[in-house]
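Everything below belongs to input-v3.txt, which stores compact mmCIF, C-alpha atoms.
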```txt
# COMPACT_ATOMS: atom_id res chain seq x y z
CA GLN E 315 0.00 0.00 0.00
CA PRO E 316 2.31 2.78 -1.25
CA VAL E 317 2.62 6.31 0.07
CA VAL E 318 5.06 8.73 -1.61
CA PHE E 319 7.12 11.16 0.50
CA ASN E 320 8.76 13.75 -1.76
CA THR E 321 11.36 15.80 0.16
CA GLU E 322 13.13 17.37 -2.82
CA LYS E 323 11.86 20.87 -1.93
CA GLY E 324 11.67 20.55 1.85
CA ILE E 325 11.35 18.28 4.84
CA ILE E 326 8.21 16.41 5.88
CA VAL E 327 7.39 16.25 9.60
CA ILE E 328 4.87 13.63 10.69
CA GLU E 329 3.89 13.78 14.36
CA LYS E 330 2.67 10.88 16.50
CA ASP E 331 -0.56 9.01 15.82
CA VAL E 332 -0.94 10.39 12.30
CA HIS E 333 -2.73 7.94 9.98
CA ILE E 334 -1.80 8.15 6.30
CA LYS E 335 -4.02 6.04 4.09
CA PRO E 336 -2.83 4.22 0.91
CA PHE E 337 -1.87 5.90 -2.36
CA SER E 338 -1.28 9.35 -0.86
CA TYR E 339 1.37 11.73 -2.22
CA LEU E 340 3.05 14.06 0.31
CA LEU E 341 5.30 16.91 -0.86
CA GLY E 342 7.56 18.89 1.46
CA PRO E 343 7.91 21.24 3.11
CA LEU E 344 5.03 19.77 5.07
CA ARG E 345 4.07 19.31 8.71
CA ILE E 346 1.21 17.11 9.84
CA ARG E 347 0.38 17.39 13.52
CA GLU E 348 -0.57 14.62 15.91
CA GLY E 349 -3.71 12.59 15.37
CA ALA E 350 -4.41 13.82 11.86
CA ILE E 351 -5.82 11.48 9.21
CA ILE E 352 -4.82 11.68 5.55
CA ALA E 353 -7.42 10.06 3.29
CA PRO E 354 -6.59 7.63 0.46
CA HIS E 355 -5.37 9.17 -2.82
CA ALA E 356 -4.69 12.54 -1.16
CA TYR E 357 -2.18 15.02 -2.57
CA ILE E 358 -0.84 17.24 0.23
CA GLY E 359 1.99 19.66 -0.44
CA GLU E 360 3.82 22.59 1.10
CA SER E 361 1.29 22.92 3.92
CA PHE E 362 0.71 22.88 7.66
CA ILE E 363 -1.97 20.46 8.86
CA GLY E 364 -3.17 20.89 12.44
CA LYS E 365 -3.83 18.19 15.00
CA GLN E 366 -6.82 15.88 14.63
CA CYS E 367 -7.56 17.19 11.12
CA LYS E 368 -9.05 14.91 8.46
CA ILE E 369 -7.64 15.79 5.06
CA GLY E 370 -8.17 14.38 1.56
CA GLY E 371 -8.24 15.45 -2.07
CA GLU E 372 -5.75 18.12 -3.14
CA VAL E 373 -4.33 20.53 -0.57
CA PHE E 374 -1.43 22.77 -1.54
CA GLY E 375 0.14 25.79 0.12
CA MET E 376 -2.39 25.79 2.97
CA VAL E 377 -2.33 26.45 6.70
CA ILE E 378 -5.11 24.38 8.26
CA GLU E 379 -5.65 24.75 12.00
CA ASP E 380 -6.62 22.03 14.51
CA TYR E 381 -9.80 19.92 14.28
CA SER E 382 -10.77 20.91 10.73
CA ASN E 383 -11.96 18.57 7.99
CA LYS E 384 -11.44 18.48 4.26
CA THR E 385 -11.85 14.76 3.88
CA HIS E 386 -13.20 14.38 0.36
CA HIS E 387 -12.20 15.21 -3.21
CA GLY E 388 -11.75 18.80 -4.32
CA CYS E 389 -8.86 21.27 -4.37
CA ILE E 390 -8.02 24.01 -1.89
CA ALA E 391 -4.77 25.93 -2.21
CA ASP E 392 -2.65 28.95 -1.23
CA GLY E 393 -4.81 30.05 1.68
CA TYR E 394 -5.72 29.73 5.34
CA MET E 395 -8.36 27.69 7.15
CA GLY E 396 -9.14 28.03 10.85
CA SER E 397 -10.23 25.44 13.41
CA TRP E 398 -13.47 23.45 13.48
CA VAL E 399 -14.08 23.97 9.77
CA ASN E 400 -15.80 21.29 7.69
CA LEU E 401 -15.63 21.38 3.89
CA GLY E 402 -18.25 19.24 2.15
CA GLY E 403 -17.28 16.79 -0.59
CA GLY E 404 -16.31 18.47 -3.85
CA THR E 405 -15.60 21.86 -2.26
CA SER E 406 -12.90 23.61 -4.27
CA SER E 407 -11.31 27.04 -4.31
CA SER E 408 -9.45 29.19 -6.80
CA SER E 409 -6.12 30.86 -6.04
CA LEU E 410 -5.36 32.27 -9.52
CA LYS E 411 -7.45 34.73 -11.54
CA ASN E 412 -8.38 33.89 -15.12
CA THR E 413 -6.46 37.01 -16.17
CA TYR E 414 -3.30 35.86 -14.33
CA GLY E 415 -3.28 39.31 -12.73
CA ASN E 416 -2.48 40.33 -9.17
CA VAL E 417 -5.01 39.38 -6.53
CA LYS E 418 -6.92 41.72 -4.21
CA VAL E 419 -7.97 40.68 -0.70
CA ALA E 420 -10.91 42.56 0.79
CA GLY E 421 -10.49 45.14 -1.97
CA LYS E 422 -6.80 45.77 -1.30
CA GLU E 423 -3.96 45.05 -3.72
CA THR E 424 -1.53 42.35 -2.60
CA GLY E 425 0.94 42.25 -5.48
CA GLU E 426 0.55 38.46 -5.44
CA ASN E 427 -0.62 36.12 -8.20
CA PHE E 428 -1.64 33.20 -5.98
CA ILE E 429 -3.96 33.71 -3.00
CA GLY E 430 -6.69 31.25 -2.08
CA PRO E 431 -9.49 31.50 0.46
CA ILE E 432 -9.17 32.89 3.97
CA ILE E 433 -11.58 30.82 6.06
CA ALA E 434 -12.34 31.63 9.69
CA ASP E 435 -13.17 29.18 12.50
CA HIS E 436 -16.38 27.10 12.47
CA VAL E 437 -17.13 27.59 8.77
CA LYS E 438 -19.13 24.86 7.00
CA THR E 439 -19.54 24.32 3.26
CA ALA E 440 -22.12 22.23 1.42
CA ILE E 441 -21.15 19.64 -1.18
CA ASN E 442 -19.68 20.98 -4.43
CA THR E 443 -19.19 24.50 -3.08
CA SER E 444 -16.94 26.66 -5.27
CA ILE E 445 -14.99 29.56 -3.80
CA TYR E 446 -13.61 32.32 -6.03
CA THR E 447 -10.05 33.62 -5.68
CA ALA E 448 -9.02 35.15 -2.33
CA LYS E 449 -12.47 35.30 -0.77
CA VAL E 450 -12.64 36.01 2.96
CA ILE E 451 -15.18 33.87 4.82
CA GLY E 452 -16.17 34.92 8.33
CA VAL E 453 -16.66 32.99 11.56
CA SER E 454 -19.44 30.38 11.54
CA ALA E 455 -20.50 31.16 7.99
CA HIS E 456 -22.40 28.36 6.24
CA ILE E 457 -21.73 28.26 2.50
CA TYR E 458 -23.79 26.92 -0.39
CA GLY E 459 -23.19 27.06 -4.15
CA THR E 460 -20.67 29.47 -5.66
CA VAL E 461 -18.97 32.07 -3.48
CA THR E 462 -18.26 35.17 -5.58
CA ASP E 463 -18.01 37.73 -2.74
CA ASP E 464 -16.58 37.86 0.77
CA VAL E 465 -18.93 36.31 3.34
CA PRO E 466 -19.84 37.98 6.66
CA SER E 467 -19.59 36.03 9.90
CA PHE E 468 -22.65 34.07 11.08
CA THR E 469 -24.23 34.12 7.64
CA ASN E 470 -25.86 31.52 5.43
CA TYR E 471 -24.46 32.37 2.00
CA ILE E 472 -26.81 31.17 -0.74
CA SER E 473 -25.55 33.73 -3.27
CA LYS E 474 -24.17 37.28 -3.13
CA ASP E 475 -27.78 38.51 -3.18
CA THR E 476 -29.17 35.99 -0.69
CA LEU E 477 -27.54 36.31 2.73
CA ILE E 478 -29.48 34.96 5.70
CA LEU E 479 -28.50 35.23 9.35
CA LEU E 480 -27.13 32.16 11.13
CA PRO E 481 -28.37 32.81 14.69
CA LEU E 482 -25.88 32.56 17.54
CA GLU E 483 -27.85 29.75 19.18
CA VAL E 484 -27.61 27.69 15.97
CA ALA E 485 -23.87 28.36 15.65
CA THR E 486 -23.40 27.32 19.28
CA LYS E 487 -25.35 24.10 18.80
CA VAL E 488 -23.30 23.22 15.71
CA MET E 489 -20.09 23.85 17.67
CA GLU E 490 -21.28 21.58 20.48
CA ARG E 491 -22.18 18.79 18.06
CA MET E 492 -18.84 18.96 16.26
CA ARG E 493 -16.88 18.93 19.51
CA GLU E 494 -18.91 15.95 20.73
CA ARG E 495 -17.82 14.02 17.61
CA ARG E 496 -14.22 14.51 18.80
CA SER E 497 -15.15 13.50 22.37
CA LEU E 498 -14.62 17.06 23.60
CA SER E 499 -17.00 19.00 25.81
CA THR E 500 -17.96 22.61 25.12
CA THR E 501 -16.85 24.96 27.88
CA ASP E 502 -18.34 28.26 28.98
CA GLU E 503 -15.21 29.90 27.54
CA ASP E 504 -15.90 28.34 24.13
CA LYS E 505 -19.45 29.72 24.17
CA ALA E 506 -18.26 33.14 25.36
CA MET E 507 -15.71 33.37 22.53
CA LEU E 508 -18.36 32.57 19.93
CA SER E 509 -20.76 35.07 21.48
CA TYR E 510 -18.04 37.73 21.42
CA ALA E 511 -17.36 37.04 17.74
CA TYR E 512 -21.10 37.35 17.00
CA THR E 513 -21.39 40.72 18.73
CA GLU E 514 -18.22 42.11 17.17
CA THR E 515 -19.38 41.26 13.62
CA GLU E 516 -22.89 42.76 13.77
CA ASP E 517 -21.85 45.82 11.76
CA GLU E 518 -20.29 43.55 9.13
CA ARG E 519 -23.61 41.80 8.61
CA LYS E 520 -25.53 45.08 8.43
CA LYS E 521 -23.11 46.39 5.81
CA HIS E 522 -23.70 43.32 3.62
CA GLY E 523 -27.48 43.35 4.05
CA VAL E 524 -27.76 40.05 5.89
CA LYS E 525 -31.44 39.32 6.60
CA GLU E 526 -33.11 37.40 9.40
CA GLY E 527 -35.55 34.64 8.56
CA PRO E 528 -35.85 31.01 7.56
CA LEU E 529 -33.19 29.49 5.32
CA SER E 530 -34.53 29.19 1.77
CA PHE E 531 -32.99 28.50 -1.63
```
How does this structure look as C-alpha cells?
Amino acid sequence: QPVVFNTEKGIIVIEKDVHIKPFSYLLGPLRIREGAIIAPHAYIGESFIGKQCKIGGEVFGMVIEDYSNKTHHGCIADGYMGSWVNLGGGTSSSSLKNTYGNVKVAGKETGENFIGPIIADHVKTAINTSIYTAKVIGVSAHIYGTVTDDVPSFTNYISKDTLILLPLEVATKVMERMRERRSLSTTDEDKAMLSYAYTETEDERKKHGVKEGPLSF
C-alpha cells in the first residue's frame, strides 16, 4: 500500500498518531500534527496540517488549523483555514485569476498572483461548493453554491444577493455537536468566545445586508 514522501523541496514532519491512508502523495515542506488522518489518494503539499484534522483530495500551500476537515475530493490551495471547519465533498477554491493578474484581498492590492481562500473558525460548506479567488469567509458562515463575494460572519451564503443570518444559538449548537464528535466538551469559555465574535461582527452583517428569517434556496 504505497505512500510517496517527496522531500526534494523541503522536509516532511509527521507527528505521533498520524494515519496516512494508501496511495497518498506528500510533498515537502510539510508538517502534519498529531492525530491527523490523511485520506486515500490525497495530494498534500507545502502545507501545515493541524492536529486531529481529516484531510483528503488536493491541498497545496495551505495552513489548516486544529480539528478541521477536508476529507473528500476537491482542491483548496494557497490560503488559510481556521479550526473546526468542515468542507463538504467536492468543495474547491481558486487561487489564480483567469487574467493571471495580481489578486486583491478585501479590496486591497496584494501584489501576489496566488492567493486562495481565507476561512475563519467554524465555517461549514455544502457539497460541491466553489470559492472564487481570495475570498474572505467569516466565523461560523455556512456556504452553499458558488462564493463570488466575501462572506460575513454568522451568515448563510446562498448567493451574493441571498444572505441569511445564522443565529448565535444555531452556531453554538453546531459547535457543540462537532466537539462531541471529537469526544470534547464545550466549555463556557468556548461559548463566550463565539458570542463575542457574534457581537463584534454585527456591523459587518448590516453592511452586507444580511437578513433574518428562515433558510430558503
For stretch 325-330 of chain E, find every residue with an atom within 12 Å (counting only C-alpha atoms), except residues of its own chain fewer than 4 positions away, and show them as a PDB file with C-alpha atoms, keeping the file's coordinate frame.
```pdb
ATOM      1  CA  VAL E 318       5.060   8.730  -1.610  1.00  0.00           C
ATOM      2  CA  PHE E 319       7.120  11.160   0.500  1.00  0.00           C
ATOM      3  CA  ASN E 320       8.760  13.750  -1.760  1.00  0.00           C
ATOM      4  CA  THR E 321      11.360  15.800   0.160  1.00  0.00           C
ATOM      5  CA  ILE E 334      -1.800   8.150   6.300  1.00  0.00           C
ATOM      6  CA  TYR E 339       1.370  11.730  -2.220  1.00  0.00           C
ATOM      7  CA  LEU E 340       3.050  14.060   0.310  1.00  0.00           C
ATOM      8  CA  LEU E 341       5.300  16.910  -0.860  1.00  0.00           C
ATOM      9  CA  GLY E 342       7.560  18.890   1.460  1.00  0.00           C
ATOM     10  CA  PRO E 343       7.910  21.240   3.110  1.00  0.00           C
ATOM     11  CA  LEU E 344       5.030  19.770   5.070  1.00  0.00           C
ATOM     12  CA  ARG E 345       4.070  19.310   8.710  1.00  0.00           C
ATOM     13  CA  ILE E 346       1.210  17.110   9.840  1.00  0.00           C
ATOM     14  CA  ARG E 347       0.380  17.390  13.520  1.00  0.00           C
ATOM     15  CA  GLU E 348      -0.570  14.620  15.910  1.00  0.00           C
ATOM     16  CA  GLY E 349      -3.710  12.590  15.370  1.00  0.00           C
ATOM     17  CA  ALA E 350      -4.410  13.820  11.860  1.00  0.00           C
ATOM     18  CA  ILE E 351      -5.820  11.480   9.210  1.00  0.00           C
ATOM     19  CA  ILE E 352      -4.820  11.680   5.550  1.00  0.00           C
ATOM     20  CA  ILE E 358      -0.840  17.240   0.230  1.00  0.00           C
ATOM     21  CA  GLY E 359       1.990  19.660  -0.440  1.00  0.00           C
ATOM     22  CA  GLU E 360       3.820  22.590   1.100  1.00  0.00           C
ATOM     23  CA  SER E 361       1.290  22.920   3.920  1.00  0.00           C
ATOM     24  CA  PHE E 362       0.710  22.880   7.660  1.00  0.00           C
ATOM     25  CA  ILE E 363      -1.970  20.460   8.860  1.00  0.00           C
ATOM     26  CA  GLY E 364      -3.170  20.890  12.440  1.00  0.00           C
ATOM     27  CA  LYS E 365      -3.830  18.190  15.000  1.00  0.00           C
ATOM     28  CA  GLN E 366      -6.820  15.880  14.630  1.00  0.00           C
TER      29      GLN E 366
END
```
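The space between atom CA of E:Ser444 and atom CA of E:Asn416 spans 20.3 Å.
The set of protein, DNA and RNA residues with any counted atom at most 12 Å from (-30.6, 41.8, 0.5) (only C-alpha atoms) reads Tyr471, Ile472, Ser473, Lys474, Asp475, Thr476, Leu477, Ile478, Leu479, Arg519, Lys520, Lys521, His522, Gly523, Val524, Lys525, Glu526 and Gly527 of chain E.
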Limited to C-alpha atoms, could you put the picked residues into a file as a PDB file, in the frame of the given file?
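As written to disk, result-v1.pdb reads:
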```
ATOM      1  CA  TYR E 471     -24.460  32.370   2.000  1.00  0.00           C
ATOM      2  CA  ILE E 472     -26.810  31.170  -0.740  1.00  0.00           C
ATOM      3  CA  SER E 473     -25.550  33.730  -3.270  1.00  0.00           C
ATOM      4  CA  LYS E 474     -24.170  37.280  -3.130  1.00  0.00           C
ATOM      5  CA  ASP E 475     -27.780  38.510  -3.180  1.00  0.00           C
ATOM      6  CA  THR E 476     -29.170  35.990  -0.690  1.00  0.00           C
ATOM      7  CA  LEU E 477     -27.540  36.310   2.730  1.00  0.00           C
ATOM      8  CA  ILE E 478     -29.480  34.960   5.700  1.00  0.00           C
ATOM      9  CA  LEU E 479     -28.500  35.230   9.350  1.00  0.00           C
ATOM     10  CA  ARG E 519     -23.610  41.800   8.610  1.00  0.00           C
ATOM     11  CA  LYS E 520     -25.530  45.080   8.430  1.00  0.00           C
ATOM     12  CA  LYS E 521     -23.110  46.390   5.810  1.00  0.00           C
ATOM     13  CA  HIS E 522     -23.700  43.320   3.620  1.00  0.00           C
ATOM     14  CA  GLY E 523     -27.480  43.350   4.050  1.00  0.00           C
ATOM     15  CA  VAL E 524     -27.760  40.050   5.890  1.00  0.00           C
ATOM     16  CA  LYS E 525     -31.440  39.320   6.600  1.00  0.00           C
ATOM     17  CA  GLU E 526     -33.110  37.400   9.400  1.00  0.00           C
ATOM     18  CA  GLY E 527     -35.550  34.640   8.560  1.00  0.00           C
TER      19      GLY E 527
END
```
Polymer residues at most 12 Å from E:Lys505, only C-alpha atoms, same-chain spacing of 2 or more positions, as a VMD selection string: chain E and resid 482 to 490 499 to 503 507 to 512
Given the point (-20.7, 25.6, -2.2) in the file's coordinates, find the residues that have an atom at most 8 Å from it, counting all atoms listed in the file, and give them as a short mmCIF file (atom, residue, chain, number, x, y, z; two decimals) with C-alpha atoms, keeping the file's coordinate frame.
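Writing the result to result17.cif gives the following:
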```cif
data_model
loop_
_atom_site.label_atom_id
_atom_site.label_comp_id
_atom_site.auth_asym_id
_atom_site.auth_seq_id
_atom_site.Cartn_x
_atom_site.Cartn_y
_atom_site.Cartn_z
CA THR E 405 -15.60 21.86 -2.26
CA THR E 439 -19.54 24.32 3.26
CA ALA E 440 -22.12 22.23 1.42
CA ILE E 441 -21.15 19.64 -1.18
CA ASN E 442 -19.68 20.98 -4.43
CA THR E 443 -19.19 24.50 -3.08
CA SER E 444 -16.94 26.66 -5.27
CA ILE E 445 -14.99 29.56 -3.80
CA ILE E 457 -21.73 28.26 2.50
CA TYR E 458 -23.79 26.92 -0.39
CA GLY E 459 -23.19 27.06 -4.15
CA THR E 460 -20.67 29.47 -5.66
CA VAL E 461 -18.97 32.07 -3.48
#
```
Using all atoms listed in the file, pick whichever of E:Glu494, E:Asp380, E:Glu322, E:Asp392 has the shortest atom-to-atom distance to E:Ile429. E:Asp392
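Here the question is which of E:Val417, E:Leu410, E:Val399, E:Val373 gets nearest to E:His456 using all atoms listed in the file, and that residue is E:Val399.
Atom CA of E:Ser407 sits 16.5 Å away from atom CA of E:Glu426.
Atom CA of E:Asn383 lies 28.4 Å from atom CA of E:Gly421.
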Find, counting only C-alpha atoms, the residue in E:Val317, E:Ala448, E:Ala455, E:Val377 that gets nearest to E:Ala353. E:Val317
Grab all the atoms of stretch 362-374 of chain E that the file lists, wrap them in a box along x, y and z, add 5 Å per side, and give me centre plus edge lengths in Å (one decimal) as AutoDock Vina command-line options.
```
--center_x -4.2 --center_y 18.6 --center_z 5.9 --size_x 19.8 --size_y 18.5 --size_z 28.1
```
Long-range neighbours of E:Trp398 as a PyMOL selection string, 7 Å cut-off, only C-alpha atoms, 4 positions minimum in chain: chain E and resi 381-382+435-436
Compile the contact shell of E:His387 as a ChimeraX atom specification: residues with an atom at most 8 Å away, counting all atoms listed in the file, same-chain residues fewer than 2 positions apart removed. /E:370-372,385,389,403-405
Since we have the selection now, will you write its residues out, keeping C-alpha atoms, as an mmCIF file, keeping the file's coordinate frame?
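Okay, this is what ended up in selection.cif:
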```
data_model
loop_
_atom_site.group_PDB
_atom_site.id
_atom_site.type_symbol
_atom_site.label_atom_id
_atom_site.label_comp_id
_atom_site.auth_asym_id
_atom_site.auth_seq_id
_atom_site.Cartn_x
_atom_site.Cartn_y
_atom_site.Cartn_z
ATOM 1 C CA GLY E 370 -8.170 14.380 1.560
ATOM 2 C CA GLY E 371 -8.240 15.450 -2.070
ATOM 3 C CA GLU E 372 -5.750 18.120 -3.140
ATOM 4 C CA THR E 385 -11.850 14.760 3.880
ATOM 5 C CA CYS E 389 -8.860 21.270 -4.370
ATOM 6 C CA GLY E 403 -17.280 16.790 -0.590
ATOM 7 C CA GLY E 404 -16.310 18.470 -3.850
ATOM 8 C CA THR E 405 -15.600 21.860 -2.260
#
```
N, CA, C and O atoms are needed for stretch 467-490 of chain E; please write them out as a PDB file, keeping the file's coordinate frame.
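The resulting out20.pdb:
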```pdb
ATOM      1  N   SER E 467     -19.482  37.030   8.845  1.00  0.00           N
ATOM      2  CA  SER E 467     -19.590  36.030   9.900  1.00  0.00           C
ATOM      3  C   SER E 467     -21.048  35.735  10.233  1.00  0.00           C
ATOM      4  O   SER E 467     -21.917  36.599  10.092  1.00  0.00           O
ATOM      5  N   PHE E 468     -21.322  34.510  10.654  1.00  0.00           N
ATOM      6  CA  PHE E 468     -22.650  34.070  11.080  1.00  0.00           C
ATOM      7  C   PHE E 468     -23.701  34.331  10.001  1.00  0.00           C
ATOM      8  O   PHE E 468     -24.769  34.887  10.249  1.00  0.00           O
ATOM      9  N   THR E 469     -23.358  33.916   8.791  1.00  0.00           N
ATOM     10  CA  THR E 469     -24.230  34.120   7.640  1.00  0.00           C
ATOM     11  C   THR E 469     -24.382  32.844   6.840  1.00  0.00           C
ATOM     12  O   THR E 469     -23.396  32.147   6.585  1.00  0.00           O
ATOM     13  N   ASN E 470     -25.617  32.530   6.458  1.00  0.00           N
ATOM     14  CA  ASN E 470     -25.860  31.520   5.430  1.00  0.00           C
ATOM     15  C   ASN E 470     -25.727  32.190   4.075  1.00  0.00           C
ATOM     16  O   ASN E 470     -26.507  33.079   3.732  1.00  0.00           O
ATOM     17  N   TYR E 471     -24.714  31.770   3.308  1.00  0.00           N
ATOM     18  CA  TYR E 471     -24.460  32.370   2.000  1.00  0.00           C
ATOM     19  C   TYR E 471     -25.067  31.468   0.934  1.00  0.00           C
ATOM     20  O   TYR E 471     -24.542  30.399   0.647  1.00  0.00           O
ATOM     21  N   ILE E 472     -26.187  31.900   0.364  1.00  0.00           N
ATOM     22  CA  ILE E 472     -26.810  31.170  -0.740  1.00  0.00           C
ATOM     23  C   ILE E 472     -26.266  31.707  -2.061  1.00  0.00           C
ATOM     24  O   ILE E 472     -25.956  30.964  -2.987  1.00  0.00           O
ATOM     25  N   SER E 473     -26.171  33.033  -2.156  1.00  0.00           N
ATOM     26  CA  SER E 473     -25.550  33.730  -3.270  1.00  0.00           C
ATOM     27  C   SER E 473     -25.213  35.123  -2.755  1.00  0.00           C
ATOM     28  O   SER E 473     -25.577  35.492  -1.624  1.00  0.00           O
ATOM     29  N   LYS E 474     -24.537  35.932  -3.578  1.00  0.00           N
ATOM     30  CA  LYS E 474     -24.170  37.280  -3.130  1.00  0.00           C
ATOM     31  C   LYS E 474     -25.396  38.134  -2.839  1.00  0.00           C
ATOM     32  O   LYS E 474     -25.303  39.141  -2.110  1.00  0.00           O
ATOM     33  N   ASP E 475     -26.542  37.752  -3.395  1.00  0.00           N
ATOM     34  CA  ASP E 475     -27.780  38.510  -3.180  1.00  0.00           C
ATOM     35  C   ASP E 475     -28.708  37.859  -2.169  1.00  0.00           C
ATOM     36  O   ASP E 475     -29.775  38.410  -1.878  1.00  0.00           O
ATOM     37  N   THR E 476     -28.336  36.703  -1.662  1.00  0.00           N
ATOM     38  CA  THR E 476     -29.170  35.990  -0.690  1.00  0.00           C
ATOM     39  C   THR E 476     -28.313  35.605   0.510  1.00  0.00           C
ATOM     40  O   THR E 476     -27.644  34.571   0.522  1.00  0.00           O
ATOM     41  N   LEU E 477     -28.316  36.486   1.504  1.00  0.00           N
ATOM     42  CA  LEU E 477     -27.540  36.310   2.730  1.00  0.00           C
ATOM     43  C   LEU E 477     -28.497  36.276   3.903  1.00  0.00           C
ATOM     44  O   LEU E 477     -29.225  37.235   4.151  1.00  0.00           O
ATOM     45  N   ILE E 478     -28.513  35.161   4.624  1.00  0.00           N
ATOM     46  CA  ILE E 478     -29.480  34.960   5.700  1.00  0.00           C
ATOM     47  C   ILE E 478     -28.724  34.699   7.001  1.00  0.00           C
ATOM     48  O   ILE E 478     -27.772  33.919   7.040  1.00  0.00           O
ATOM     49  N   LEU E 479     -29.159  35.331   8.055  1.00  0.00           N
ATOM     50  CA  LEU E 479     -28.500  35.230   9.350  1.00  0.00           C
ATOM     51  C   LEU E 479     -28.436  33.790   9.849  1.00  0.00           C
ATOM     52  O   LEU E 479     -29.427  33.064   9.789  1.00  0.00           O
ATOM     53  N   LEU E 480     -27.267  33.399  10.357  1.00  0.00           N
ATOM     54  CA  LEU E 480     -27.130  32.160  11.130  1.00  0.00           C
ATOM     55  C   LEU E 480     -27.151  32.569  12.596  1.00  0.00           C
ATOM     56  O   LEU E 480     -26.174  33.127  13.102  1.00  0.00           O
ATOM     57  N   PRO E 481     -28.258  32.335  13.307  1.00  0.00           N
ATOM     58  CA  PRO E 481     -28.370  32.810  14.690  1.00  0.00           C
ATOM     59  C   PRO E 481     -27.279  32.238  15.594  1.00  0.00           C
ATOM     60  O   PRO E 481     -26.774  31.135  15.365  1.00  0.00           O
ATOM     61  N   LEU E 482     -26.921  32.994  16.614  1.00  0.00           N
ATOM     62  CA  LEU E 482     -25.880  32.560  17.540  1.00  0.00           C
ATOM     63  C   LEU E 482     -26.216  31.221  18.176  1.00  0.00           C
ATOM     64  O   LEU E 482     -25.334  30.367  18.338  1.00  0.00           O
ATOM     65  N   GLU E 483     -27.491  31.017  18.526  1.00  0.00           N
ATOM     66  CA  GLU E 483     -27.850  29.750  19.180  1.00  0.00           C
ATOM     67  C   GLU E 483     -27.656  28.562  18.238  1.00  0.00           C
ATOM     68  O   GLU E 483     -27.299  27.463  18.679  1.00  0.00           O
ATOM     69  N   VAL E 484     -27.858  28.765  16.939  1.00  0.00           N
ATOM     70  CA  VAL E 484     -27.610  27.690  15.970  1.00  0.00           C
ATOM     71  C   VAL E 484     -26.114  27.433  15.844  1.00  0.00           C
ATOM     72  O   VAL E 484     -25.666  26.287  15.848  1.00  0.00           O
ATOM     73  N   ALA E 485     -25.329  28.505  15.736  1.00  0.00           N
ATOM     74  CA  ALA E 485     -23.870  28.360  15.650  1.00  0.00           C
ATOM     75  C   ALA E 485     -23.315  27.634  16.872  1.00  0.00           C
ATOM     76  O   ALA E 485     -22.421  26.788  16.759  1.00  0.00           O
ATOM     77  N   THR E 486     -23.865  27.963  18.045  1.00  0.00           N
ATOM     78  CA  THR E 486     -23.400  27.320  19.280  1.00  0.00           C
ATOM     79  C   THR E 486     -23.745  25.842  19.283  1.00  0.00           C
ATOM     80  O   THR E 486     -22.925  24.996  19.663  1.00  0.00           O
ATOM     81  N   LYS E 487     -24.939  25.500  18.852  1.00  0.00           N
ATOM     82  CA  LYS E 487     -25.350  24.100  18.800  1.00  0.00           C
ATOM     83  C   LYS E 487     -24.471  23.302  17.832  1.00  0.00           C
ATOM     84  O   LYS E 487     -24.062  22.170  18.120  1.00  0.00           O
ATOM     85  N   VAL E 488     -24.172  23.892  16.676  1.00  0.00           N
ATOM     86  CA  VAL E 488     -23.300  23.220  15.710  1.00  0.00           C
ATOM     87  C   VAL E 488     -21.915  22.992  16.313  1.00  0.00           C
ATOM     88  O   VAL E 488     -21.315  21.922  16.153  1.00  0.00           O
ATOM     89  N   MET E 489     -21.388  23.988  17.014  1.00  0.00           N
ATOM     90  CA  MET E 489     -20.090  23.850  17.670  1.00  0.00           C
ATOM     91  C   MET E 489     -20.117  22.706  18.686  1.00  0.00           C
ATOM     92  O   MET E 489     -19.189  21.883  18.741  1.00  0.00           O
ATOM     93  N   GLU E 490     -21.173  22.643  19.477  1.00  0.00           N
ATOM     94  CA  GLU E 490     -21.280  21.580  20.480  1.00  0.00           C
ATOM     95  C   GLU E 490     -21.316  20.207  19.823  1.00  0.00           C
ATOM     96  O   GLU E 490     -20.636  19.267  20.286  1.00  0.00           O
TER      97      GLU E 490
END
```
